[in-house]
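Report on the following structure.
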Amino acid sequence: MWVKFSRIILRNRLIILIILGLVTAFMGYRIQFVSMSYQLAQMLPKSDNTYLEYQDFKKTFGKDGSIVVVGIDDENLFELKNFNAWYDLTHNIKTITVDFKINGKDTVINGVTEALSVANVFTLKKNKAKKRFDFEQIVKRNPKTQVELDSLKEVLYNQPFYNGYLYTDSSATTLIAITLERQVLDSKYRNELFEKIDLEVSAFHEKTGIKVHKSGLPYIRANSTTKVKDEIVIFLALSIFITSLILYLFFRSFKATMYSMLVVTVGVVWSVGIQSLFGYKVTILTGLIPPLIIVIGIPNCIFLLNKYHSEFKNHGNQIKALSRVIQKIGNAIFLTNTTTSLGFATFIFTKSEILIEFGVLAAIDIFMVFILSILIIPIIFSFLKPPKERHTKHLENKLMVRIVGFLEHIVKFHRKIVYAVTILIVLLSIYGVTLITTTGNIIDDLPKNDPIVEDLKFFETSFNGVMPFEIVIDTKKKNGVFADNGKVLYKIQRLQREMANYSEFSKPLSITEAIKFSYQAYKNGKSKFYILPPATELKKLKKYVKNDSHKNNFASFIDSTNQITRVSFQMADIGTKEMDILLNEIRPKIDSIFPPKEYNVSITGTSVVFLKGTNYLVENLLTSLALAIILIASLMSILFSSVRMVLVSLVPNLLPLLTTAGLMGFFGIPIKPSTILIFSIAFGISVDDTIHFLAKYRQELKQQQWNIKEAVFLALRETGVSMIYTSIILFFGFGVFTVSSFGGTIALGILVSITLMFAMMADLILLPSLLLSLDKSLTTKAFKKEPLIEIMDEEEDIDLDELEVKPIKHKKLEL
């Protein structure tokens, strides 16, 4: 099969190059249609109960997580100059507009729907004549004197409704709650919105010298998206620089380096173009694919060029060398790229949207870069002059020869030490695995000293957090919220008192709090009447609420049929493990207040969805890793026709995964979505070296008349250098991710690099040792039967005498 492929490729090289050029131009054109994802990553499958409850919540009350908070902690806020600056900041933020494109037309829309602070809050006034409540703004304009401001402050702090929400009476902390326009928030125009908010905040700081903190889920998301966008460029630049530098150091050839980089550059263009065709947006995961293409594609080029130079050095025939490159290395890298693709493709089975997109794109792109490698390298080098002696000197690299010789010495004379060290590593790793914890925070991947983290901690200390947490109560009947003399309202109050025992939650916003606010107004604004009134008083209050022209201001707490209501909290970003414990404690208390037979109560909100999504990913990524092992093992069993050989070959690939897991335990790196990816990725890549080694071993075993010892050492010498080269490329290639500002991406870079280096050592030391120790009881039986997929033997290639190049009009190669 590969003989035919080599003929097709070399005979039609001009046509193939033209086709590749046209496809690359098309993919380059499609790049402009790729956009960033501005939505919170969807980790749960759409059939999941938590996902469905959250969707129901959004249908009834709209999306949560659209509030940004700007806060300060300064005793001098109520000095005239500072308060007026706070007043101006509140009103300036409220009037921010952004340029927006709707149906292709440029327009200007409000980026902020509301900005609420002590500088513009409302109170309710009882209108006896019309039997209704009127909203009245407390601070109607900038105060002119300190005396006027002091008077306003007294009124402001006489409004318990806002205590714990906009200010805390126990400290000098206060905030502005900014509700963002959802249409802008979920688009690329949100960057302009946040830039304008930041400008207003900076102006306030310069005017007053008061330090300002900013947080909220939208702010955290926007910051993360901007970092992802910037880091993609950095990763690409570093990947290109590092891999090209290492390639040049290996080959000492500008051409070999340049054309290898051409292959992966075209691969990157195709990968982004394919993403555009699928309609997938750029996420924190899909943003890793372009640099991954560079890192994974370069080893293909190394194996192809090494074989090309080796073949040419042997017989001096350029065309035969290129033909053999396609036939021999084409087969090998086809299998290795297939296993790598399978490693990524297993993410498709997680049913998580963000991982499915990553798995689909990565699997397709990796196989696509194999096709580009096997086409571009042989075709381009067929147009170039044959390699000179200096181009093949890397084959005799004395350092590499000494390293491979040292490895051969270990395998030959120190196998007992190899096994002893392996057993020790396994035992230590197993102990390390027992130390691993599972966790996940929304800001978990940001460094502890990041301003986003520091500001979030400020709001968690002052207001117990900013992450949305919702309890939705369905009374199962219309007007059920107000039925039975307000029975549900008193239950909600009881629930709120239970929740107040947990420091993780802020003061709630609910229909009960709204009624307390109204009752205070009904009692002429006296703060001691900020209570839930008795049933008789509720009936009196109802008349005023019915006539209230602003009653829709409370509509966000209850649905149109008065059947479903919500209790909204903000909470700390406590992590998935702590959140699980918290939910397990809260649920029984909720059920005791709202019996499940009478009420449907769901706990939802972004915090809960994130928790469930994280747990779901961890569970399913472990499944995907197991699936990757099974699929790749199945492929290897087809390749080598021996289940026992597959089991032996899996040992040097599973050992590095176990070692990495052990290191995670020892160094306190938790299992979370960003770190669990490491195992599937590393396994899919590391098994490539095993296939290369065993494929060469099989060839040598036949040629050496089943002399196992000789075959092992010949395979080690032949593949050792290329495996070391590619492992170094992969080590430093994945190392570029350590410059990320996201902890998960840093962990991915470090741990995959370490895993791949362990895998290389296992393939070059442990695997040959096992083959020699098991000897004929395993190897001979395993290889006597012909495999379904045959890797070509050295002597089964096209004979040199049968190969000639005939010049024709179009300078096409004739084989």
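Ordering of the structure tokens sets the chain letters (A, B, ...); residue numbers start at 1 within each chain; ligands are numbered from 1 in the order shown.
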Using DSSP on the backbone coordinates, identify all residues within region 534-618 of chain A classified as alpha helix (DSSP H); present the result as a count of residues only. 44
Which residues are close to region 149-166 of chain A, i.e. within 7 Å by only C-alpha atoms, leaving aside same-chain residues fewer than 6 positions away? Reply as a PyMOL selection string. chain A and resi 80+117-118+139+143+174-176+463+507+517+527+530
Export N, CA, C and O atoms of the chosen residues as a PDB file, in the first residue's frame?
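Writing the result to result.pdb gives the following:
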ATOM      1  N   LEU A  80     -17.245  65.216  51.964  1.00  0.00           N
ATOM      2  CA  LEU A  80     -17.987  65.800  50.845  1.00  0.00           C
ATOM      3  C   LEU A  80     -17.319  65.533  49.498  1.00  0.00           C
ATOM      4  O   LEU A  80     -17.982  65.087  48.541  1.00  0.00           O
ATOM      5  N   SER A 117     -25.763  52.225  44.080  1.00  0.00           N
ATOM      6  CA  SER A 117     -24.873  52.434  45.216  1.00  0.00           C
ATOM      7  C   SER A 117     -25.574  53.325  46.233  1.00  0.00           C
ATOM      8  O   SER A 117     -26.707  53.774  46.007  1.00  0.00           O
ATOM      9  N   VAL A 118     -24.908  53.596  47.341  1.00  0.00           N
ATOM     10  CA  VAL A 118     -25.508  54.487  48.348  1.00  0.00           C
ATOM     11  C   VAL A 118     -25.707  55.885  47.799  1.00  0.00           C
ATOM     12  O   VAL A 118     -26.434  56.697  48.397  1.00  0.00           O
ATOM     13  N   VAL A 139     -30.582  60.408  47.516  1.00  0.00           N
ATOM     14  CA  VAL A 139     -29.614  61.439  47.109  1.00  0.00           C
ATOM     15  C   VAL A 139     -29.990  61.875  45.697  1.00  0.00           C
ATOM     16  O   VAL A 139     -29.740  61.170  44.730  1.00  0.00           O
ATOM     17  N   PRO A 143     -24.439  66.542  47.014  1.00  0.00           N
ATOM     18  CA  PRO A 143     -24.586  67.383  48.215  1.00  0.00           C
ATOM     19  C   PRO A 143     -23.665  68.607  48.136  1.00  0.00           C
ATOM     20  O   PRO A 143     -22.540  68.517  47.635  1.00  0.00           O
ATOM     21  N   THR A 174     -18.295  49.702  51.152  1.00  0.00           N
ATOM     22  CA  THR A 174     -19.484  49.938  50.336  1.00  0.00           C
ATOM     23  C   THR A 174     -19.164  49.574  48.895  1.00  0.00           C
ATOM     24  O   THR A 174     -17.992  49.464  48.523  1.00  0.00           O
ATOM     25  N   LEU A 175     -20.198  49.398  48.088  1.00  0.00           N
ATOM     26  CA  LEU A 175     -19.960  48.992  46.701  1.00  0.00           C
ATOM     27  C   LEU A 175     -21.000  49.579  45.762  1.00  0.00           C
ATOM     28  O   LEU A 175     -22.037  50.096  46.181  1.00  0.00           O
ATOM     29  N   ILE A 176     -20.670  49.483  44.479  1.00  0.00           N
ATOM     30  CA  ILE A 176     -21.610  49.790  43.411  1.00  0.00           C
ATOM     31  C   ILE A 176     -21.927  48.466  42.725  1.00  0.00           C
ATOM     32  O   ILE A 176     -21.025  47.753  42.271  1.00  0.00           O
ATOM     33  N   PHE A 463     -18.391  41.015  51.886  1.00  0.00           N
ATOM     34  CA  PHE A 463     -19.784  40.701  51.556  1.00  0.00           C
ATOM     35  C   PHE A 463     -20.032  39.205  51.364  1.00  0.00           C
ATOM     36  O   PHE A 463     -21.082  38.809  50.862  1.00  0.00           O
ATOM     37  N   LYS A 507     -25.981  38.286  52.270  1.00  0.00           N
ATOM     38  CA  LYS A 507     -27.377  38.561  52.596  1.00  0.00           C
ATOM     39  C   LYS A 507     -28.235  38.218  51.380  1.00  0.00           C
ATOM     40  O   LYS A 507     -27.875  38.538  50.255  1.00  0.00           O
ATOM     41  N   PHE A 517     -39.064  45.504  53.194  1.00  0.00           N
ATOM     42  CA  PHE A 517     -38.770  46.868  52.748  1.00  0.00           C
ATOM     43  C   PHE A 517     -40.069  47.672  52.632  1.00  0.00           C
ATOM     44  O   PHE A 517     -40.155  48.835  53.050  1.00  0.00           O
ATOM     45  N   SER A 527     -36.935  51.948  60.886  1.00  0.00           N
ATOM     46  CA  SER A 527     -36.123  50.761  60.573  1.00  0.00           C
ATOM     47  C   SER A 527     -36.491  49.553  61.422  1.00  0.00           C
ATOM     48  O   SER A 527     -36.264  48.415  61.005  1.00  0.00           O
ATOM     49  N   TYR A 530     -38.523  46.892  59.748  1.00  0.00           N
ATOM     50  CA  TYR A 530     -37.986  46.084  58.624  1.00  0.00           C
ATOM     51  C   TYR A 530     -38.091  44.625  59.049  1.00  0.00           C
ATOM     52  O   TYR A 530     -37.127  43.961  59.410  1.00  0.00           O
TER      53      TYR A 530
END
How close does region 159-277 of chain A get to region 465-471 of chain A? List, as a Markdown table, each residue of region 159-277 of chain A within 8 Å, its nearest atom pair and the distance in Å to one decimal, counting only C-alpha atoms.
| residue | atom | partner | partner_atom | distance |
| --- | --- | --- | --- | --- |
| A:Ser215 | CA | A:Val466 | CA | 7.4 |
| A:Gly216 | CA | A:Val466 | CA | 5.5 |
| A:Leu217 | CA | A:Met467 | CA | 6.4 |
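The coordinates place CA of Asp64 (chain A) at 26.7 Å from CA of Gly486 (chain A).
If you measure from each of A:Trp86, A:Phe235, A:Phe33, A:Tyr248 to Ile210 (chain A) using only C-alpha atoms, the closest one turns out to be A:Trp86.
Using only C-alpha atoms for every distance, the candidate list A:Val233, A:Val369, A:Ile274, A:Leu384 yields A:Leu384 as the residue closest to Ile319 (chain A).
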Skipping near chain neighbours, those fewer than 6 positions away, what residues fall within 9 Å of Phe758 (chain A) using only C-alpha atoms, listed as a ChimeraX atom specification? /A:652-653,655-657,659-660
May I have the residues within 10 Å of Glu136 (chain A) as a VMD selection string, using only C-alpha atoms and disregarding those fewer than 3 positions away in the same chain? chain A and resid 120 to 125 133 139 to 140
Go ahead and dump the residues you just picked, N, CA, C and O atoms, as a PDB file, in the first residue's frame.
ATOM      1  N   ASN A 120     -27.199  56.626  44.978  1.00  0.00           N
ATOM      2  CA  ASN A 120     -28.410  56.791  44.161  1.00  0.00           C
ATOM      3  C   ASN A 120     -29.537  55.823  44.535  1.00  0.00           C
ATOM      4  O   ASN A 120     -30.437  55.577  43.735  1.00  0.00           O
ATOM      5  N   VAL A 121     -29.481  55.255  45.757  1.00  0.00           N
ATOM      6  CA  VAL A 121     -30.511  54.290  46.140  1.00  0.00           C
ATOM      7  C   VAL A 121     -31.860  54.978  46.360  1.00  0.00           C
ATOM      8  O   VAL A 121     -31.945  56.188  46.577  1.00  0.00           O
ATOM      9  N   PHE A 122     -32.897  54.147  46.327  1.00  0.00           N
ATOM     10  CA  PHE A 122     -34.261  54.623  46.516  1.00  0.00           C
ATOM     11  C   PHE A 122     -34.793  54.149  47.859  1.00  0.00           C
ATOM     12  O   PHE A 122     -34.348  53.145  48.411  1.00  0.00           O
ATOM     13  N   THR A 123     -35.746  54.860  48.350  1.00  0.00           N
ATOM     14  CA  THR A 123     -36.523  54.405  49.489  1.00  0.00           C
ATOM     15  C   THR A 123     -37.995  54.426  49.081  1.00  0.00           C
ATOM     16  O   THR A 123     -38.362  55.028  48.069  1.00  0.00           O
ATOM     17  N   LEU A 124     -38.829  53.751  49.856  1.00  0.00           N
ATOM     18  CA  LEU A 124     -40.267  53.744  49.578  1.00  0.00           C
ATOM     19  C   LEU A 124     -40.959  54.755  50.495  1.00  0.00           C
ATOM     20  O   LEU A 124     -40.648  54.856  51.685  1.00  0.00           O
ATOM     21  N   LYS A 125     -41.879  55.475  49.919  1.00  0.00           N
ATOM     22  CA  LYS A 125     -42.671  56.426  50.684  1.00  0.00           C
ATOM     23  C   LYS A 125     -44.146  56.029  50.608  1.00  0.00           C
ATOM     24  O   LYS A 125     -44.660  55.714  49.527  1.00  0.00           O
ATOM     25  N   PHE A 133     -47.228  52.834  47.279  1.00  0.00           N
ATOM     26  CA  PHE A 133     -45.874  53.237  47.634  1.00  0.00           C
ATOM     27  C   PHE A 133     -45.249  53.978  46.453  1.00  0.00           C
ATOM     28  O   PHE A 133     -45.401  53.565  45.297  1.00  0.00           O
ATOM     29  N   VAL A 139     -30.582  60.408  47.516  1.00  0.00           N
ATOM     30  CA  VAL A 139     -29.614  61.439  47.109  1.00  0.00           C
ATOM     31  C   VAL A 139     -29.990  61.875  45.697  1.00  0.00           C
ATOM     32  O   VAL A 139     -29.740  61.170  44.730  1.00  0.00           O
ATOM     33  N   LYS A 140     -30.599  63.057  45.608  1.00  0.00           N
ATOM     34  CA  LYS A 140     -31.119  63.512  44.311  1.00  0.00           C
ATOM     35  C   LYS A 140     -30.084  64.262  43.486  1.00  0.00           C
ATOM     36  O   LYS A 140     -30.225  64.408  42.269  1.00  0.00           O
TER      37      LYS A 140
END
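The residue that comes closest to Val228 (chain A), out of A:Ala682, A:Ile284, A:Ile423, A:Ile590 and on the basis of only C-alpha atoms, is A:Ile284.
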Distance query region 713-722 of chain A at most 6 Å, only C-alpha atoms, self and fewer than 3 positions along chain excluded, as a ChimeraX atom specification: /A:696-697,710,725
Find the spatial neighbours of Ser607 (chain A), counting only C-alpha atoms, within a cut-off of 10 Å - ignore same-chain residues fewer than 4 positions away - and output them as a PyMOL selection string. chain A and resi 65+217+441-442+466-470+570-576+579+603+611-613
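The shortest atom-to-atom distance to Tyr308 (chain A), with only C-alpha atoms taken into account, belongs to A:Ser382 out of A:Thr565, A:Asn49, A:Ser276, A:Ser382.
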Report as a ChimeraX atom specification all protein, DNA and RNA residues lying within 12 Å of Ile8 (chain A), evaluated on only C-alpha atoms, omitting residues in the same chain fewer than 2 positions from it. /A:1-6,10-16,323,326-327,374-375,378-379,812-815
Output N, CA, C and O atoms of each residue in that selection to a file, as a JSON list (two decimals), in the first residue's frame.
[["chain", "number", "residue", "atom", "x", "y", "z"],
["A", 1, "MET", "N", 0.81, -1.21, 0.00],
["A", 1, "MET", "CA", 0.00, 0.00, 0.00],
["A", 1, "MET", "C", 0.85, 1.26, 0.00],
["A", 1, "MET", "O", 0.62, 2.20, -0.76],
["A", 2, "TRP", "N", 1.87, 1.27, 0.88],
["A", 2, "TRP", "CA", 2.69, 2.46, 0.97],
["A", 2, "TRP", "C", 3.60, 2.62, -0.23],
["A", 2, "TRP", "O", 4.06, 3.73, -0.52],
["A", 3, "VAL", "N", 3.89, 1.51, -0.94],
["A", 3, "VAL", "CA", 4.64, 1.63, -2.20],
["A", 3, "VAL", "C", 3.83, 2.44, -3.20],
["A", 3, "VAL", "O", 4.34, 3.34, -3.88],
["A", 4, "LYS", "N", 2.54, 2.12, -3.29],
["A", 4, "LYS", "CA", 1.65, 2.86, -4.20],
["A", 4, "LYS", "C", 1.55, 4.32, -3.79],
["A", 4, "LYS", "O", 1.57, 5.22, -4.64],
["A", 5, "PHE", "N", 1.43, 4.58, -2.49],
["A", 5, "PHE", "CA", 1.35, 5.96, -2.01],
["A", 5, "PHE", "C", 2.60, 6.74, -2.40],
["A", 5, "PHE", "O", 2.52, 7.90, -2.81],
["A", 6, "SER", "N", 3.75, 6.11, -2.23],
["A", 6, "SER", "CA", 4.99, 6.82, -2.55],
["A", 6, "SER", "C", 5.04, 7.17, -4.03],
["A", 6, "SER", "O", 5.50, 8.25, -4.41],
["A", 10, "LEU", "N", 5.11, 11.10, -5.38],
["A", 10, "LEU", "CA", 6.26, 11.62, -6.12],
["A", 10, "LEU", "C", 5.97, 11.86, -7.60],
["A", 10, "LEU", "O", 6.60, 12.70, -8.23],
["A", 11, "ARG", "N", 5.02, 11.13, -8.16],
["A", 11, "ARG", "CA", 4.66, 11.35, -9.56],
["A", 11, "ARG", "C", 3.78, 12.59, -9.74],
["A", 11, "ARG", "O", 3.80, 13.22, -10.81],
["A", 12, "ASN", "N", 3.02, 12.93, -8.72],
["A", 12, "ASN", "CA", 2.06, 14.02, -8.84],
["A", 12, "ASN", "C", 2.39, 15.17, -7.89],
["A", 12, "ASN", "O", 1.51, 15.84, -7.37],
["A", 13, "ARG", "N", 3.67, 15.40, -7.70],
["A", 13, "ARG", "CA", 4.10, 16.36, -6.68],
["A", 13, "ARG", "C", 3.63, 17.78, -6.97],
["A", 13, "ARG", "O", 3.23, 18.51, -6.06],
["A", 14, "LEU", "N", 3.66, 18.21, -8.24],
["A", 14, "LEU", "CA", 3.23, 19.58, -8.57],
["A", 14, "LEU", "C", 1.74, 19.76, -8.34],
["A", 14, "LEU", "O", 1.30, 20.77, -7.76],
["A", 15, "ILE", "N", 0.96, 18.79, -8.78],
["A", 15, "ILE", "CA", -0.49, 18.85, -8.58],
["A", 15, "ILE", "C", -0.82, 18.88, -7.09],
["A", 15, "ILE", "O", -1.67, 19.67, -6.64],
["A", 16, "ILE", "N", -0.13, 18.04, -6.33],
["A", 16, "ILE", "CA", -0.38, 17.98, -4.87],
["A", 16, "ILE", "C", -0.03, 19.31, -4.22],
["A", 16, "ILE", "O", -0.79, 19.83, -3.38],
["A", 323, "SER", "N", 11.45, 7.74, -1.55],
["A", 323, "SER", "CA", 10.45, 6.69, -1.68],
["A", 323, "SER", "C", 10.39, 5.83, -0.42],
["A", 323, "SER", "O", 9.32, 5.51, 0.08],
["A", 326, "ILE", "N", 8.64, 7.54, 2.56],
["A", 326, "ILE", "CA", 7.18, 7.47, 2.53],
["A", 326, "ILE", "C", 6.71, 6.07, 2.93],
["A", 326, "ILE", "O", 5.77, 5.91, 3.72],
["A", 327, "GLN", "N", 7.38, 5.06, 2.39],
["A", 327, "GLN", "CA", 6.95, 3.69, 2.63],
["A", 327, "GLN", "C", 7.14, 3.26, 4.08],
["A", 327, "GLN", "O", 6.24, 2.66, 4.69],
["A", 374, "ILE", "N", 3.60, 13.95, 5.47],
["A", 374, "ILE", "CA", 3.96, 12.89, 4.52],
["A", 374, "ILE", "C", 3.92, 13.39, 3.08],
["A", 374, "ILE", "O", 4.54, 12.79, 2.18],
["A", 375, "LEU", "N", 3.22, 14.50, 2.84],
["A", 375, "LEU", "CA", 3.17, 15.07, 1.50],
["A", 375, "LEU", "C", 4.24, 16.13, 1.29],
["A", 375, "LEU", "O", 5.00, 16.09, 0.31],
["A", 378, "PRO", "N", 8.57, 15.01, 1.65],
["A", 378, "PRO", "CA", 9.16, 14.32, 0.50],
["A", 378, "PRO", "C", 9.08, 15.13, -0.80],
["A", 378, "PRO", "O", 10.04, 15.14, -1.58],
["A", 379, "ILE", "N", 7.97, 15.81, -1.03],
["A", 379, "ILE", "CA", 7.81, 16.56, -2.28],
["A", 379, "ILE", "C", 8.80, 17.71, -2.34],
["A", 379, "ILE", "O", 9.50, 17.90, -3.35],
["A", 812, "LYS", "N", 8.23, 15.69, -14.27],
["A", 812, "LYS", "CA", 7.56, 14.83, -13.29],
["A", 812, "LYS", "C", 8.40, 13.57, -13.07],
["A", 812, "LYS", "O", 9.02, 13.07, -13.99],
["A", 813, "LEU", "N", 8.40, 13.09, -11.85],
["A", 813, "LEU", "CA", 9.18, 11.90, -11.53],
["A", 813, "LEU", "C", 8.50, 10.66, -12.05],
["A", 813, "LEU", "O", 7.29, 10.47, -11.89],
["A", 814, "GLU", "N", 9.26, 9.80, -12.74],
["A", 814, "GLU", "CA", 8.74, 8.49, -13.16],
["A", 814, "GLU", "C", 9.40, 7.44, -12.28],
["A", 814, "GLU", "O", 10.63, 7.38, -12.19],
["A", 815, "LEU", "N", 8.58, 6.64, -11.66],
["A", 815, "LEU", "CA", 9.13, 5.54, -10.85],
["A", 815, "LEU", "C", 8.91, 4.21, -11.54],
["A", 815, "LEU", "O", 7.82, 3.97, -12.03]]
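Note that the spacing between CA of Arg587 (chain A) and CA of Lys59 (chain A) amounts to 23.5 Å.
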